[in-house]
>>> print(open('my_file-v9.cif').read())   # mmCIF, C-alpha atoms
data_work
loop_
_atom_site.label_atom_id
_atom_site.label_comp_id
_atom_site.auth_asym_id
_atom_site.auth_seq_id
_atom_site.Cartn_x
_atom_site.Cartn_y
_atom_site.Cartn_z
CA MET O 185 -8.79 -102.88 -3.32
CA MET O 186 -9.31 -101.72 -6.91
CA LYS O 187 -13.00 -102.53 -6.61
CA ILE O 188 -13.26 -100.31 -3.51
CA LYS O 189 -11.50 -97.44 -5.28
CA THR O 190 -13.76 -97.81 -8.30
CA ALA O 191 -16.85 -97.82 -6.10
CA ILE O 192 -15.70 -94.66 -4.28
CA LEU O 193 -14.97 -92.92 -7.60
CA THR O 194 -18.38 -93.91 -8.94
CA VAL O 195 -20.15 -92.53 -5.87
CA ALA O 196 -18.15 -89.30 -6.00
CA LEU O 197 -18.90 -88.82 -9.68
CA GLY O 198 -22.55 -89.51 -9.11
CA SER O 199 -22.67 -86.96 -6.30
CA THR O 200 -21.00 -84.37 -8.50
CA LEU O 201 -23.53 -84.93 -11.28
CA VAL O 202 -26.42 -84.69 -8.82
CA LEU O 203 -25.08 -81.44 -7.36
CA ALA O 204 -24.52 -80.03 -10.83
CA ALA O 205 -28.04 -80.97 -11.80
CA CYS O 206 -29.38 -79.35 -8.64
CA GLY O 207 -27.32 -76.25 -9.30
CA GLY O 208 -28.61 -76.08 -12.85
CA ALA O 209 -32.17 -76.53 -11.67
CA ASP O 210 -31.66 -73.81 -9.06
CA SER O 211 -30.24 -71.44 -11.68
CA SER O 212 -33.10 -72.23 -14.03
CA SER O 213 -35.58 -71.58 -11.22
CA LYS O 214 -33.99 -68.19 -10.51
CA ASP O 215 -34.12 -67.28 -14.21
CA ASP O 216 -37.79 -68.27 -14.33
CA LYS O 217 -38.52 -66.11 -11.29
CA MET O 218 -36.71 -63.14 -12.86
CA ASP O 219 -38.67 -63.59 -16.10
CA ASP O 220 -41.92 -63.78 -14.12
CA THR O 221 -40.98 -60.58 -12.24
CA LYS O 222 -40.13 -58.74 -15.47
CA SER O 223 -43.35 -59.92 -17.06
CA ALA O 224 -45.38 -58.79 -14.04
CA MET O 225 -43.69 -55.37 -14.11
CA THR O 226 -44.38 -55.02 -17.84
CA ASP O 227 -48.02 -56.01 -17.35
CA LYS O 228 -48.37 -53.52 -14.49
CA LYS O 229 -46.86 -50.70 -16.58
CA ASP O 230 -49.10 -51.52 -19.55
CA SER O 231 -52.14 -51.60 -17.29
CA MET O 232 -51.19 -48.24 -15.75
CA MET O 233 -50.67 -46.63 -19.15
CA LYS O 234 -54.07 -47.87 -20.32
CA ALA O 235 -55.68 -46.44 -17.17
CA ASN O 236 -53.81 -43.17 -17.72
CA GLN O 237 -55.21 -42.92 -21.25
CA LYS O 238 -58.63 -42.38 -19.69
CA VAL O 239 -57.38 -39.57 -17.45
CA SER O 240 -58.21 -36.04 -18.64
CA MET O 241 -57.84 -33.28 -16.06
CA MET O 242 -57.17 -29.57 -15.98
CA ALA O 243 -55.96 -27.10 -13.36
CA THR O 244 -55.65 -23.33 -13.23
CA LEU O 245 -52.34 -22.41 -11.64
CA SER O 246 -51.97 -19.60 -9.10
CA GLY O 247 -49.15 -18.35 -6.91
CA GLU O 248 -48.49 -19.34 -3.32
CA GLY O 249 -47.58 -16.71 -0.73
CA ALA O 250 -45.74 -13.81 -2.37
CA HIS O 251 -44.96 -15.79 -5.53
CA LYS O 252 -46.62 -15.16 -8.88
CA VAL O 253 -47.54 -18.19 -10.99
CA SER O 254 -50.26 -18.37 -13.63
CA GLY O 255 -51.42 -20.48 -16.56
CA LYS O 256 -53.11 -23.80 -17.15
CA ALA O 257 -51.98 -27.36 -16.49
CA THR O 258 -53.66 -30.06 -18.57
CA ILE O 259 -53.24 -33.82 -18.28
CA LYS O 260 -54.32 -35.74 -21.37
CA ASP O 261 -53.02 -38.74 -23.34
CA ASN O 262 -50.22 -39.42 -20.85
CA LYS O 263 -48.93 -35.85 -21.21
CA LEU O 264 -48.79 -32.95 -18.76
CA MET O 265 -49.03 -29.65 -20.63
CA LEU O 266 -48.42 -26.18 -19.23
CA THR O 267 -49.93 -23.39 -21.33
CA ASP O 268 -49.89 -19.60 -20.93
CA PHE O 269 -47.43 -20.43 -18.17
CA VAL O 270 -45.71 -17.65 -16.24
CA THR O 271 -43.73 -17.99 -13.00
CA ASP O 272 -41.46 -16.03 -10.71
CA GLU O 273 -37.84 -16.98 -11.18
CA GLY O 274 -36.37 -19.54 -8.82
CA PRO O 275 -33.04 -21.37 -8.61
CA ASP O 276 -34.39 -24.87 -9.23
CA LEU O 277 -38.07 -25.04 -10.14
CA HIS O 278 -39.75 -28.37 -10.92
CA VAL O 279 -43.29 -29.44 -11.70
CA TYR O 280 -44.82 -32.04 -9.39
CA LEU O 281 -47.97 -34.10 -9.23
CA ALA O 282 -49.22 -34.25 -5.65
CA LYS O 283 -52.05 -35.50 -3.50
CA GLY O 284 -53.54 -32.51 -1.69
CA ASN O 285 -51.18 -29.79 -0.53
CA ASP O 286 -48.22 -31.91 0.54
CA VAL O 287 -45.40 -32.23 -1.98
CA LYS O 288 -44.03 -35.14 0.08
CA ASP O 289 -47.00 -37.20 -1.11
CA GLY O 290 -46.24 -36.27 -4.70
CA VAL O 291 -43.94 -37.24 -7.54
CA GLU O 292 -41.49 -35.06 -9.44
CA VAL O 293 -42.23 -34.83 -13.18
CA SER O 294 -39.49 -32.60 -14.57
CA LYS O 295 -37.49 -29.45 -14.18
CA ILE O 296 -39.27 -26.55 -15.90
CA ASP O 297 -38.12 -23.86 -18.28
CA LEU O 298 -38.68 -20.46 -16.64
CA LYS O 299 -39.13 -18.69 -19.98
CA GLU O 300 -41.32 -21.12 -21.93
CA MET O 301 -45.05 -20.34 -21.84
CA SER O 302 -45.89 -23.73 -23.36
CA GLN O 303 -44.25 -26.91 -22.06
CA THR O 304 -45.11 -30.60 -22.42
CA PHE O 305 -43.95 -33.48 -20.23
CA ASP O 306 -44.34 -37.25 -20.54
CA VAL O 307 -46.15 -38.71 -17.51
CA SER O 308 -46.84 -42.18 -18.89
CA ASP O 309 -44.73 -43.72 -16.10
CA LYS O 310 -46.77 -42.01 -13.36
CA ASP O 311 -49.99 -43.41 -11.86
CA LEU O 312 -52.16 -40.40 -12.68
CA THR O 313 -55.11 -41.75 -10.70
CA LYS O 314 -53.24 -41.05 -7.45
CA TYR O 315 -52.87 -37.28 -7.79
CA ASP O 316 -55.17 -34.27 -7.72
CA THR O 317 -52.80 -31.28 -7.69
CA VAL O 318 -50.12 -29.80 -9.96
CA MET O 319 -47.35 -27.95 -8.10
CA ILE O 320 -44.49 -25.70 -9.11
CA TYR O 321 -41.87 -26.46 -6.49
CA CYS O 322 -38.43 -25.02 -5.73
CA GLU O 323 -36.12 -27.92 -4.89
CA LYS O 324 -33.41 -25.67 -3.51
CA ALA O 325 -35.61 -23.55 -1.22
CA HIS O 326 -38.05 -26.41 -0.42
CA GLU O 327 -40.91 -24.06 -1.23
CA VAL O 328 -44.10 -24.24 -3.30
CA PHE O 329 -44.20 -21.35 -5.80
CA GLY O 330 -47.62 -22.18 -7.22
CA LYS O 331 -50.23 -24.89 -7.62
CA GLY O 332 -53.58 -25.80 -9.10
CA ALA O 333 -56.23 -28.36 -8.15
CA LEU O 334 -56.94 -30.82 -10.97
CA SER O 335 -60.50 -31.32 -12.13
CA ASP O 336 -61.86 -33.86 -14.59
CA LYS O 337 -64.40 -31.28 -15.76
CA MET O 338 -62.42 -30.12 -18.76
CA ASP O 339 -63.88 -27.36 -20.91
CA ASP O 340 -64.01 -27.48 -24.71
CA THR O 341 -60.94 -25.27 -24.93
CA ALA O 342 -58.81 -27.69 -22.97
CA MET O 343 -60.06 -30.67 -24.92
CA ALA O 344 -59.19 -28.91 -28.20
CA MET O 345 -55.67 -27.97 -27.16
CA MET O 346 -52.80 -29.05 -29.40
CA THR O 347 -49.20 -27.91 -29.42
CA GLY O 348 -46.01 -28.47 -31.40
CA ASN O 349 -42.46 -27.16 -31.86
CA PHE O 350 -41.33 -25.45 -35.05
CA ALA O 351 -38.41 -26.65 -37.13
CA GLY O 352 -37.05 -25.10 -40.29
CA VAL O 353 -37.65 -26.61 -43.72
CA GLY O 354 -34.66 -26.95 -46.04
CA GLN O 355 -32.14 -24.17 -45.41
CA HIS O 356 -34.59 -21.99 -43.50
CA LYS O 357 -34.49 -21.43 -39.74
CA VAL O 358 -37.77 -21.31 -37.82
CA SER O 359 -38.20 -21.99 -34.09
CA GLY O 360 -40.72 -21.58 -31.30
CA THR O 361 -44.00 -23.18 -30.31
CA ALA O 362 -47.40 -23.29 -32.01
CA THR O 363 -50.44 -23.95 -29.83
CA ILE O 364 -54.08 -24.31 -30.79
CA ASP O 365 -56.02 -23.35 -27.69
CA GLY O 366 -59.74 -23.41 -28.44
CA ASP O 367 -60.40 -20.75 -31.08
CA ASP O 368 -56.89 -19.29 -30.92
CA LEU O 369 -53.61 -20.13 -32.62
CA LYS O 370 -50.67 -18.91 -30.55
CA LEU O 371 -47.07 -18.61 -31.68
CA MET O 372 -44.69 -18.36 -28.71
CA ASN O 373 -40.95 -17.71 -28.56
CA PHE O 374 -41.27 -17.47 -32.33
CA LYS O 375 -38.35 -16.74 -34.64
CA THR O 376 -38.11 -17.06 -38.41
CA ASP O 377 -35.83 -16.22 -41.30
CA GLU O 378 -37.01 -13.17 -43.15
CA GLY O 379 -39.16 -13.64 -46.24
CA PRO O 380 -41.09 -11.28 -48.53
CA ASP O 381 -44.59 -12.54 -47.71
CA LEU O 382 -44.78 -15.06 -44.86
CA HIS O 383 -48.12 -16.47 -43.74
CA VAL O 384 -49.19 -19.08 -41.17
CA TYR O 385 -51.24 -22.05 -42.38
CA LEU O 386 -53.05 -24.97 -40.78
CA THR O 387 -52.40 -28.10 -42.82
CA LYS O 388 -52.78 -31.86 -42.88
CA ASP O 389 -49.25 -33.29 -42.76
CA GLY O 390 -47.77 -30.08 -44.17
CA ASP O 391 -49.78 -30.07 -47.42
CA ILE O 392 -50.35 -26.41 -48.31
CA LYS O 393 -52.71 -27.22 -51.20
CA THR O 394 -55.30 -28.68 -48.83
CA GLY O 395 -54.42 -26.36 -45.95
CA LYS O 396 -56.07 -23.26 -44.53
CA GLU O 397 -54.35 -19.86 -44.62
CA ILE O 398 -54.83 -18.10 -41.29
CA SER O 399 -52.96 -14.81 -41.47
CA LYS O 400 -49.86 -12.96 -42.52
CA ILE O 401 -47.27 -13.08 -39.71
CA ASP O 402 -45.14 -10.44 -38.03
CA LEU O 403 -41.49 -11.31 -38.69
CA LYS O 404 -40.29 -9.61 -35.50
CA ALA O 405 -42.93 -10.56 -32.90
CA ALA O 406 -42.02 -13.48 -30.62
CA GLU O 407 -45.61 -13.80 -29.36
CA GLN O 408 -48.48 -13.76 -31.87
CA ASN O 409 -52.17 -14.71 -31.61
CA PHE O 410 -54.60 -15.49 -34.44
CA SER O 411 -58.32 -16.18 -34.34
CA LEU O 412 -59.48 -19.61 -35.53
CA ALA O 413 -63.19 -18.83 -35.23
CA GLY O 414 -65.11 -20.95 -37.73
CA VAL O 415 -62.11 -23.19 -38.52
CA GLU O 416 -62.48 -26.96 -38.09
CA THR O 417 -59.18 -27.43 -36.27
CA ALA O 418 -59.73 -31.20 -36.01
CA ASP O 419 -59.05 -31.42 -39.77
CA TYR O 420 -55.44 -30.28 -39.36
CA ASN O 421 -52.33 -31.54 -37.57
CA THR O 422 -49.45 -29.29 -38.70
CA VAL O 423 -48.81 -25.53 -38.57
CA VAL O 424 -46.75 -24.25 -41.50
CA ILE O 425 -44.96 -20.95 -42.08
CA TYR O 426 -45.29 -20.40 -45.82
CA CYS O 427 -43.93 -17.78 -48.22
CA GLU O 428 -46.73 -16.84 -50.62
CA LYS O 429 -44.37 -15.04 -53.02
CA ALA O 430 -41.77 -17.82 -53.29
CA HIS O 431 -44.32 -20.65 -52.90
CA GLU O 432 -42.06 -22.22 -50.30
CA ALA O 433 -42.46 -23.56 -46.78
CA PHE O 434 -40.07 -21.95 -44.29
CA GLY O 435 -40.94 -24.07 -41.25
CA GLN O 436 -43.52 -26.35 -39.73
CA ALA O 437 -44.74 -27.60 -36.34
CA PRO O 438 -46.47 -31.01 -36.10
CA LEU O 439 -49.21 -30.76 -33.47
CA ASN O 440 -49.84 -33.18 -30.62
CA SER O 441 -52.85 -33.20 -28.33
#
>>> encode(input="my_file-v9.cif", output="structure tokens")
Amino acid sequence: MMKIKTAILTVALGSTLVLAACGGADSSSKDDKMDDTKSAMTDKKDSMMKANQKVSMMATLSGEGAHKVSGKATIKDNKLMLTDFVTDEGPDLHVYLAKGNDVKDGVEVSKIDLKEMSQTFDVSDKDLTKYDTVMIYCEKAHEVFGKGALSDKMDDTAMAMMTGNFAGVGQHKVSGTATIDGDDLKLMNFKTDEGPDLHVYLTKDGDIKTGKEISKIDLKAAEQNFSLAGVETADYNTVVIYCEKAHEAFGQAPLNS
């Protein structure tokens, strides 16, 4: 009788171990599949980003219907940049990438700032090869306010475009956007602390000694334009607001293409 009980116990234990081993193998198999899926997704994203790096397109925006929209949209280096951008006000305006004229075939990039003439959005997670139109779309009214057809024939101005946001240096307060657009340097939504003799410089990493003085600035003007004719803008990557009298930087804007 004891031998029978021992045999039954042995069989039961063996079955339990087999099932546990199977369960462990099944769990391991699921983990492997999840790792393979994650790896495939990572590879796909990396591949898309590399393909996007080759995409350089530009569109001129115009209004749809009675709406007024203007400016340029540029896609370069996984960024979508709006420059000289002006739009009618709307309750919930977003920028989209679309195929043709149908927003349903597009992808939402971001909500836009109605007042900012220069705006930059990350589009590294979008397959830029699928789209040929930039749209300004009102989510609430389900209405296109403006759009522009993208072209890969970018002019020299678009290729040379760089933009950056100001931040104060030390205790000084400086804000706004600096944009190099071809042969022009544009300050937009610009504000600065007052100083006795403030000038705008193009510099390499903020170094005034090797920088290029462009012009004296207007302390009160939110929008200012300066000619860069004859300046090798490729040599510089930072715009600096500098006080000539105090020999002190008030603010700077690192530029990104």
>>> resolve_selection(input="my_file-v9.cif", expression="the PyMOL selection byres ((chain O and resi 268-279) around 8)", output="count of residues only")
28
>>> closest_residue(input="my_file-v9.cif", among="O:Ile392, O:Lys400, O:Gly348, O:Leu312", to="His431 in chain O", atoms="all atoms listed in the file")
O:Ile392
>>> resolve_selection(input="my_file-v9.cif", expression="the PyMOL selection byres ((chain O and resi 419) around 10)", output="PyMOL selection string")
chain O and resi 386-388+395-396+415-418+420-422
>>> closest_residue(input="my_file-v9.cif", among="O:Ile398, O:Leu382, O:Ala405, O:Leu439", to="Cys427 in chain O", atoms="all atoms listed in the file")
O:Leu382
>>> closest_residue(input="my_file-v9.cif", among="O:Ala413, O:Leu334, O:Val424, O:Ala243", to="Thr361 in chain O", atoms="only C-alpha atoms")
O:Val424
>>> atom_distance(input="my_file-v9.cif", atom1="CA of His326 in chain O", atom2="CA of Asp306 in chain O")
23.7 Å
>>> atom_distance(input="my_file-v9.cif", atom1="CA of Asp381 in chain O", atom2="CA of Gln408 in chain O")
16.4 Å
>>> atom_distance(input="my_file-v9.cif", atom1="CA of Gly435 in chain O", atom2="CA of Met265 in chain O")
22.8 Å
>>> resolve_selection(input="my_file-v9.cif", expression="the PyMOL selection byres ((chain O and resi 283) around 7)", output="number ranges by chain")
O: 282, 284-286, 289-290, 314-317
>>> residues_around(input="my_file-v9.cif", residues="Glu248 in chain O", least_positions_apart="6", cutoff="8 Å", atoms="all atoms listed in the file", output="list in words")
Val328, Phe329, Gly330 and Lys331 of chain O
>>> residues_around(input="my_file-v9.cif", residues="Glu378 in chain O", least_positions_apart="6", cutoff="12 Å", atoms="all atoms listed in the file", output="mmCIF file with C-alpha atoms, keeping the file's coordinate frame")
data_model
loop_
_atom_site.group_PDB
_atom_site.id
_atom_site.type_symbol
_atom_site.label_atom_id
_atom_site.label_comp_id
_atom_site.auth_asym_id
_atom_site.auth_seq_id
_atom_site.Cartn_x
_atom_site.Cartn_y
_atom_site.Cartn_z
ATOM 1 C CA HIS O 356 -34.590 -21.990 -43.500
ATOM 2 C CA LYS O 357 -34.490 -21.430 -39.740
ATOM 3 C CA VAL O 358 -37.770 -21.310 -37.820
ATOM 4 C CA ILE O 401 -47.270 -13.080 -39.710
ATOM 5 C CA ASP O 402 -45.140 -10.440 -38.030
ATOM 6 C CA LEU O 403 -41.490 -11.310 -38.690
ATOM 7 C CA LYS O 404 -40.290 -9.610 -35.500
ATOM 8 C CA ILE O 425 -44.960 -20.950 -42.080
ATOM 9 C CA TYR O 426 -45.290 -20.400 -45.820
ATOM 10 C CA CYS O 427 -43.930 -17.780 -48.220
ATOM 11 C CA PHE O 434 -40.070 -21.950 -44.290
ATOM 12 C CA GLY O 435 -40.940 -24.070 -41.250
#
>>> closest_residue(input="my_file-v9.cif", among="O:Leu412, O:Val307, O:Val384, O:Ala430", to="Val239 in chain O", atoms="all atoms listed in the file")
O:Val307
>>> residues_around(input="my_file-v9.cif", residues="Met242 in chain O", least_positions_apart="3", cutoff="7 Å", atoms="all atoms listed in the file", output="PyMOL selection string")
chain O and resi 257-259+334-336+338
>>> closest_residue(input="my_file-v9.cif", among="O:Val291, O:Ala362, O:Ala406, O:Ala325", to="Pro438 in chain O", atoms="only C-alpha atoms")
O:Ala362
>>> closest_residue(input="my_file-v9.cif", among="O:Thr347, O:Ser411, O:Ser359, O:Thr244", to="Lys375 in chain O", atoms="all atoms listed in the file")
O:Ser359
